[in-house]
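Trainee: Next up, protein.cif (mmCIF, C-alpha atoms).
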data_target
loop_
_atom_site.label_atom_id
_atom_site.label_comp_id
_atom_site.auth_asym_id
_atom_site.auth_seq_id
_atom_site.Cartn_x
_atom_site.Cartn_y
_atom_site.Cartn_z
CA MET A 1 -4.60 16.22 22.60
CA ARG A 2 -2.21 14.57 20.17
CA GLY A 3 -4.91 12.05 19.27
CA VAL A 4 -7.36 14.86 18.47
CA ALA A 5 -4.73 16.54 16.28
CA ALA A 6 -4.09 13.25 14.48
CA GLY A 7 -7.82 12.81 13.84
CA LEU A 8 -8.13 16.31 12.41
CA ALA A 9 -5.04 15.84 10.26
CA GLY A 10 -6.41 12.56 8.95
CA ALA A 11 -9.69 14.22 8.00
CA LEU A 12 -7.83 17.00 6.17
CA ILE A 13 -5.67 14.52 4.27
CA LEU A 14 -8.79 12.57 3.35
CA PHE A 15 -10.51 15.73 2.07
CA PHE A 16 -7.42 16.85 0.14
CA ALA A 17 -6.94 13.43 -1.49
CA ARG A 18 -10.56 13.33 -2.60
CA PHE A 19 -10.53 16.95 -3.78
CA ILE A 20 -7.40 16.60 -5.91
CA THR A 21 -7.92 13.11 -7.30
CA ALA A 22 -11.67 12.44 -7.00
CA VAL A 23 -10.40 8.96 -6.13
CA ARG A 24 -12.75 6.05 -6.69
CA GLY A 25 -12.47 2.59 -5.19
CA ARG A 26 -13.40 -0.35 -7.41
CA TRP A 27 -13.95 -3.67 -5.62
CA ALA A 28 -13.59 -5.91 -8.67
CA GLY A 29 -12.75 -9.17 -6.93
CA ALA A 30 -13.19 -8.57 -3.21
CA GLU A 31 -15.84 -6.97 -1.04
CA PRO A 32 -14.95 -4.26 1.52
CA THR A 33 -15.43 -6.46 4.57
CA ASP A 34 -13.85 -6.34 8.01
CA GLU A 35 -11.90 -9.53 7.33
CA GLN A 36 -8.20 -9.20 8.09
CA ARG A 37 -6.18 -8.85 4.88
CA ILE A 38 -2.85 -7.87 3.39
CA TYR A 39 -3.36 -5.43 0.52
CA PHE A 40 -0.42 -5.38 -1.92
CA ALA A 41 -0.19 -2.55 -4.46
CA ASN A 42 1.93 -0.90 -7.12
CA HIS A 43 4.17 1.88 -5.85
CA ALA A 44 4.70 5.11 -7.79
CA SER A 45 4.60 7.83 -5.11
CA HIS A 46 4.66 8.49 -1.38
CA GLY A 47 0.92 9.10 -1.59
CA ASP A 48 0.01 5.58 -2.69
CA PHE A 49 -1.10 4.26 0.66
CA VAL A 50 -3.04 7.49 1.28
CA LEU A 51 -5.30 6.75 -1.70
CA ILE A 52 -5.86 3.15 -0.59
CA TRP A 53 -6.65 4.35 2.93
CA THR A 54 -9.00 7.01 1.50
CA VAL A 55 -11.21 4.56 -0.41
CA LEU A 56 -11.49 2.07 2.45
CA PRO A 57 -14.73 2.31 4.45
CA ARG A 58 -14.20 4.36 7.62
CA ARG A 59 -14.43 1.36 9.94
CA MET A 60 -11.64 -0.37 7.99
CA ARG A 61 -9.24 2.57 8.06
CA PHE A 62 -8.76 2.26 11.81
CA THR A 63 -7.58 -1.35 11.52
CA THR A 64 -5.49 -1.04 8.32
CA ARG A 65 -1.85 -0.03 8.70
CA PRO A 66 0.48 0.89 5.82
CA VAL A 67 3.99 -0.55 5.77
CA ALA A 68 6.43 2.19 4.83
CA GLY A 69 10.09 3.15 4.92
CA SER A 70 11.26 4.67 8.19
CA ASP A 71 14.00 6.58 6.33
CA TYR A 72 11.28 8.77 4.77
CA TRP A 73 8.54 8.89 7.41
CA LEU A 74 10.83 9.54 10.38
CA LYS A 75 12.60 12.41 8.62
CA GLY A 76 11.27 15.56 10.27
CA ALA A 77 8.58 16.20 12.85
CA LEU A 78 5.71 16.61 10.35
CA ARG A 79 6.41 13.36 8.49
CA ARG A 80 6.85 11.54 11.78
CA PHE A 81 3.49 12.87 13.02
CA ILE A 82 1.71 11.84 9.80
CA GLY A 83 3.37 8.43 9.57
CA CYS A 84 3.13 7.48 13.23
CA ASP A 85 0.14 9.34 14.65
CA VAL A 86 -2.19 9.77 11.67
CA PHE A 87 -1.62 6.50 9.82
CA ASN A 88 -0.08 4.34 12.55
CA ALA A 89 2.29 2.99 9.91
CA VAL A 90 4.52 -0.03 10.42
CA LEU A 91 7.84 1.67 9.74
CA ILE A 92 10.54 -0.53 8.24
CA ASP A 93 14.24 0.25 8.03
CA ARG A 94 15.05 -0.61 4.42
CA ASP A 95 18.81 -0.53 5.03
CA ARG A 96 19.93 -4.07 5.89
CA ASP A 97 23.14 -2.77 7.45
CA SER A 98 21.51 -0.35 9.89
CA ARG A 99 18.25 -2.13 10.78
CA THR A 100 17.82 -3.53 14.26
CA ASN A 101 14.36 -5.06 13.77
CA ASP A 102 13.30 -7.86 11.46
CA PRO A 103 10.73 -6.41 9.00
CA ILE A 104 8.80 -9.70 8.82
CA ALA A 105 8.60 -9.81 12.62
CA GLN A 106 7.32 -6.22 12.67
CA MET A 107 4.59 -7.04 10.15
CA THR A 108 3.54 -10.30 11.78
CA GLU A 109 3.35 -8.53 15.14
CA ALA A 110 0.91 -6.01 13.59
CA LEU A 111 -1.11 -8.85 12.05
CA ASP A 112 -1.22 -10.74 15.34
CA ALA A 113 -2.57 -7.59 16.99
CA GLY A 114 -5.50 -7.72 14.57
CA SER A 115 -4.45 -5.18 11.96
CA SER A 116 -4.67 -5.47 8.20
CA LEU A 117 -1.67 -4.23 6.21
CA ILE A 118 -0.93 -2.26 3.04
CA VAL A 119 2.36 -3.37 1.49
CA PHE A 120 4.28 -2.52 -1.66
CA PRO A 121 6.14 -5.60 -2.93
CA GLU A 122 8.33 -3.57 -5.30
CA GLY A 123 10.02 -2.19 -2.20
CA THR A 124 10.56 1.29 -3.63
CA ARG A 125 8.81 3.75 -5.91
CA ASN A 126 8.71 2.76 -9.57
CA GLN A 127 10.08 5.66 -11.61
CA THR A 128 10.75 3.63 -14.76
CA GLU A 129 8.65 3.00 -17.87
CA GLU A 130 8.01 -0.59 -16.76
CA PRO A 131 4.58 -1.26 -15.22
CA LEU A 132 6.15 -2.96 -12.19
CA LEU A 133 9.60 -3.38 -10.69
CA PRO A 134 10.74 -6.88 -9.66
CA PHE A 135 9.09 -7.94 -6.40
CA LYS A 136 11.14 -8.26 -3.23
CA SER A 137 11.02 -11.59 -1.41
CA GLY A 138 9.60 -10.11 1.81
CA ILE A 139 5.99 -10.61 0.76
CA PHE A 140 6.68 -14.32 0.19
CA HIS A 141 8.20 -14.68 3.66
CA LEU A 142 5.21 -12.82 5.11
CA ALA A 143 2.87 -15.28 3.37
CA GLU A 144 4.94 -18.17 4.76
CA ALA A 145 4.65 -16.73 8.26
CA ARG A 146 0.87 -16.16 8.07
CA PRO A 147 -0.46 -18.45 5.29
CA ASP A 148 -4.10 -18.21 6.39
CA ILE A 149 -4.40 -14.47 5.75
CA ASP A 150 -5.71 -13.34 2.35
CA PHE A 151 -3.53 -11.24 0.08
CA VAL A 152 -5.58 -8.81 -2.02
CA PRO A 153 -4.00 -7.27 -5.16
CA VAL A 154 -4.52 -3.54 -5.64
CA TRP A 155 -3.82 -1.33 -8.64
CA ILE A 156 -3.53 2.44 -8.17
CA ASN A 157 -4.04 4.29 -11.44
CA ASN A 158 -3.00 7.87 -12.34
CA LEU A 159 -1.40 8.98 -9.06
CA ASN A 160 2.04 9.24 -10.69
CA ARG A 161 0.49 11.78 -13.10
CA VAL A 162 -1.14 13.75 -10.28
CA MET A 163 2.20 14.25 -8.55
CA PRO A 164 5.00 13.92 -11.13
CA LYS A 165 8.54 13.63 -9.81
CA GLY A 166 9.99 17.02 -8.92
CA GLU A 167 6.64 18.82 -8.89
CA ILE A 168 5.34 20.57 -5.78
CA VAL A 169 1.81 21.42 -6.85
CA PRO A 170 -0.39 18.39 -7.66
CA ILE A 171 -2.28 18.22 -10.96
CA PRO A 172 -5.99 17.41 -10.47
CA LEU A 173 -6.79 14.10 -12.19
CA ILE A 174 -9.24 11.30 -11.46
CA CYS A 175 -7.53 8.33 -9.81
CA THR A 176 -8.85 4.82 -9.26
CA VAL A 177 -7.92 2.16 -6.75
CA THR A 178 -8.96 -1.31 -7.94
CA PHE A 179 -9.09 -4.30 -5.60
CA GLY A 180 -8.76 -7.81 -7.03
CA SER A 181 -9.58 -11.29 -5.78
CA PRO A 182 -8.05 -12.57 -2.52
CA MET A 183 -5.08 -14.94 -2.81
CA GLN A 184 -3.08 -17.17 -0.48
CA LEU A 185 0.22 -19.01 -0.64
CA GLU A 186 -0.44 -22.51 -1.91
CA SER A 187 1.03 -25.51 -0.14
CA GLY A 188 4.54 -26.16 -1.44
CA GLU A 189 4.45 -23.16 -3.79
CA ALA A 190 7.92 -21.89 -4.69
CA LYS A 191 8.88 -18.29 -4.03
CA GLU A 192 9.33 -17.45 -7.71
CA ASP A 193 5.93 -18.92 -8.61
CA PHE A 194 4.18 -17.07 -5.81
CA LEU A 195 5.75 -13.74 -6.72
CA GLU A 196 4.87 -14.22 -10.37
CA ARG A 197 1.28 -15.04 -9.46
CA LEU A 198 1.02 -11.88 -7.35
CA ARG A 199 2.55 -9.82 -10.14
CA ALA A 200 0.13 -11.22 -12.72
CA ALA A 201 -2.85 -10.53 -10.44
CA MET A 202 -1.79 -6.91 -10.04
CA LEU A 203 -1.15 -6.34 -13.74
CA ALA A 204 -4.56 -7.80 -14.58
CA LEU A 205 -6.13 -4.88 -12.67
CA SER A 206 -4.22 -2.21 -14.65
CA PRO A 207 -6.44 -0.34 -17.14
CA LYS A 208 -3.69 -0.67 -19.77
CA THR A 209 -3.59 -4.44 -19.38
CA ALA A 210 -7.37 -4.74 -19.26
CA GLY A 211 -7.71 -2.54 -22.35
CA ALA A 212 -5.17 -4.58 -24.27
CA GLY A 213 -7.25 -7.70 -23.73
CA GLU A 214 -10.46 -6.21 -25.11
#
Starting from the file, give its structure as structure tokens.

Mentor:
Amino acid sequence: MRGVAAGLAGALILFFARFITAVRGRWAGAEPTDEQRIYFANHASHGDFVLIWTVLPRRMRFTTRPVAGSDYWLKGALRRFIGCDVFNAVLIDRDRDSRTNDPIAQMTEALDAGSSLIVFPEGTRNQTEEPLLPFKSGIFHLAEARPDIDFVPVWINNLNRVMPKGEIVPIPLICTVTFGSPMQLESGEAKEDFLERLRAAMLALSPKTAGAGE
């Protein structure tokens, strides 16, 4: 019964996301194939992974798990249901002092089970005027642990304007989710170089960056 409820809830979330944002997926550098991947995206709201999940083909949604903070998604029965039952999220304790599980081990366990992942290398929502916050080192350690899996950059555009901080009612606006070319950790590549390469790949997908180069 819980599985049926999760399926219905997922369908409603899908409908709501499409209705409010008319979200469009743009596969600029990668095709929507069943190949196992790690999608890494900019992070401006709690709805970011919902939009990525929405534009994935249906067959891919069932094998793609978002990585999210347990402090938010385990707070209250409704959030827990959505995070655990609807999205089957890999929930990470972001507090180093309280965590009992290694986040990299949690993610590699999900990968080894055959799932793809959605991760946010900034680690927290970006509420500044900068296009991206500095990347956390976790994505580098994940690439070290599973170097054969492709990392696909993703840029989510406009969602921060649909749901501004402090607002309850979303503002209907067209959003886009753009997927770039797959990447992997190169042999001997330093952490700083890898993170900068990921950052540059994400920024290249931003409409502001693309427009500036025209």

Trainee: Could you tell me which residues the PyMOL selection byres ((chain A and resi 147) around 12) grabs in this file, written as a list in words?

Mentor: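 Applying the PyMOL selection byres ((chain A and resi 147) around 12) to the structure shown produces Arg37, Ile38, Thr108, Leu111, Ile139, Phe140, His141, Leu142, Ala143, Glu144, Ala145, Arg146, Asp148, Ile149, Asp150, Phe151, Met183, Gln184, Leu185, Glu186, Ser187, Gly188 and Glu189 of chain A.
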
Trainee: Within 7 Å of range 122-125 of chain A, which residues of range 1-45 of chain A show up? Give each one with its shortest atom-to-atom distance in Å (one decimal) and the two atoms involved, counting all atoms listed in the file, rows by chain then rising residue number, as a Markdown table.

Mentor:
| residue | atom | partner | partner_atom | distance |
| --- | --- | --- | --- | --- |
| A:His43 | CA | A:Arg125 | CA | 5.0 |
| A:Ala44 | CA | A:Arg125 | CA | 4.7 |
| A:Ser45 | CA | A:Arg125 | CA | 5.9 |

Trainee: I want to know what sits within 7 Å of Gly69 in chain A, based on all atoms listed in the file, with residues of the same chain fewer than 4 positions away left out; could you give that as a PyMOL selection string?

Mentor: chain A and resi 73+91-94

Trainee: How many Å separate CA of Pro134 in chain A from CA of Cys175 in chain A?

Mentor: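 That distance, rounded to one decimal, is 23.8 Å.
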
Trainee: CA of Cys84 in chain A and CA of Ala6 in chain A, how far apart in Å?

Mentor: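 Going from CA of Ala6 in chain A over to CA of Cys84 in chain A covers 9.3 Å.
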
Trainee: Which residue gives the smallest distance to Ala201 in chain A among A:Val23, A:Val50, A:Ala28, A:Ala113, with all atoms listed in the file counted?

Mentor: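 For Ala201 in chain A, the nearest of the given residues is A:Ala28.
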
Trainee: What does the structure give for the distance between CA of Ser137 in chain A and CA of Asn88 in chain A, in Å to one decimal?

Mentor: 23.9 Å

Trainee: Just so the selection is clear, what residues does the PyMOL selection byres ((chain A and resi 155) around 9) cover here, as a CSV table (one decimal) with C-alpha atoms, in the frame of the given file?

Mentor:
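Result file follows (part_36.csv):
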chain,number,residue,atom,x,y,z
A,40,PHE,CA,-0.4,-5.4,-1.9
A,41,ALA,CA,-0.2,-2.6,-4.5
A,42,ASN,CA,1.9,-0.9,-7.1
A,153,PRO,CA,-4.0,-7.3,-5.2
A,154,VAL,CA,-4.5,-3.5,-5.6
A,156,ILE,CA,-3.5,2.4,-8.2
A,157,ASN,CA,-4.0,4.3,-11.4
A,176,THR,CA,-8.8,4.8,-9.3
A,177,VAL,CA,-7.9,2.2,-6.8
A,178,THR,CA,-9.0,-1.3,-7.9
A,179,PHE,CA,-9.1,-4.3,-5.6
A,180,GLY,CA,-8.8,-7.8,-7.0
A,202,MET,CA,-1.8,-6.9,-10.0
A,203,LEU,CA,-1.2,-6.3,-13.7
A,204,ALA,CA,-4.6,-7.8,-14.6
A,205,LEU,CA,-6.1,-4.9,-12.7
A,206,SER,CA,-4.2,-2.2,-14.6
A,207,PRO,CA,-6.4,-0.3,-17.1

Trainee: Select, from A:Pro131, A:Pro66, A:Gly47, A:Gly76, the residue with the minimum atom-to-atom distance to Ser115 in chain A, counting all atoms listed in the file.

Mentor: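 Checking each candidate against Ser115 in chain A, we get A:Pro66 as the closest.
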
Trainee: Excluding same-chain residues fewer than 4 positions from range 1-3 of chain A, what lies within 10 Å of it counting only C-alpha atoms, as a PyMOL selection string?

Mentor: chain A and resi 7-9+81+85-86

Trainee: Give the answer as one residue: which of A:Trp27, A:Ile82, A:Lys191, A:Ala77 has the shortest atom-to-atom distance to Pro57 in chain A, using only C-alpha atoms?

Mentor: A:Trp27

Trainee: Return the padded bounding box of range 75-78 of chain A as lines of an AutoDock Vina configuration file: axis-aligned, built from all atoms listed in the file, 6 Å added on each side, with centre and edge lengths in Å to one decimal.

Mentor:
center_x = 9.2
center_y = 14.5
center_z = 10.7
size_x = 18.9
size_y = 16.2
size_z = 16.2

Trainee: So, counting only C-alpha atoms, which residue among A:Arg65, A:Arg80, A:Leu132, A:Asp34 is closest to Met107 in chain A?

Mentor: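 That would be A:Arg65, the residue with the smallest distance to Met107 in chain A.
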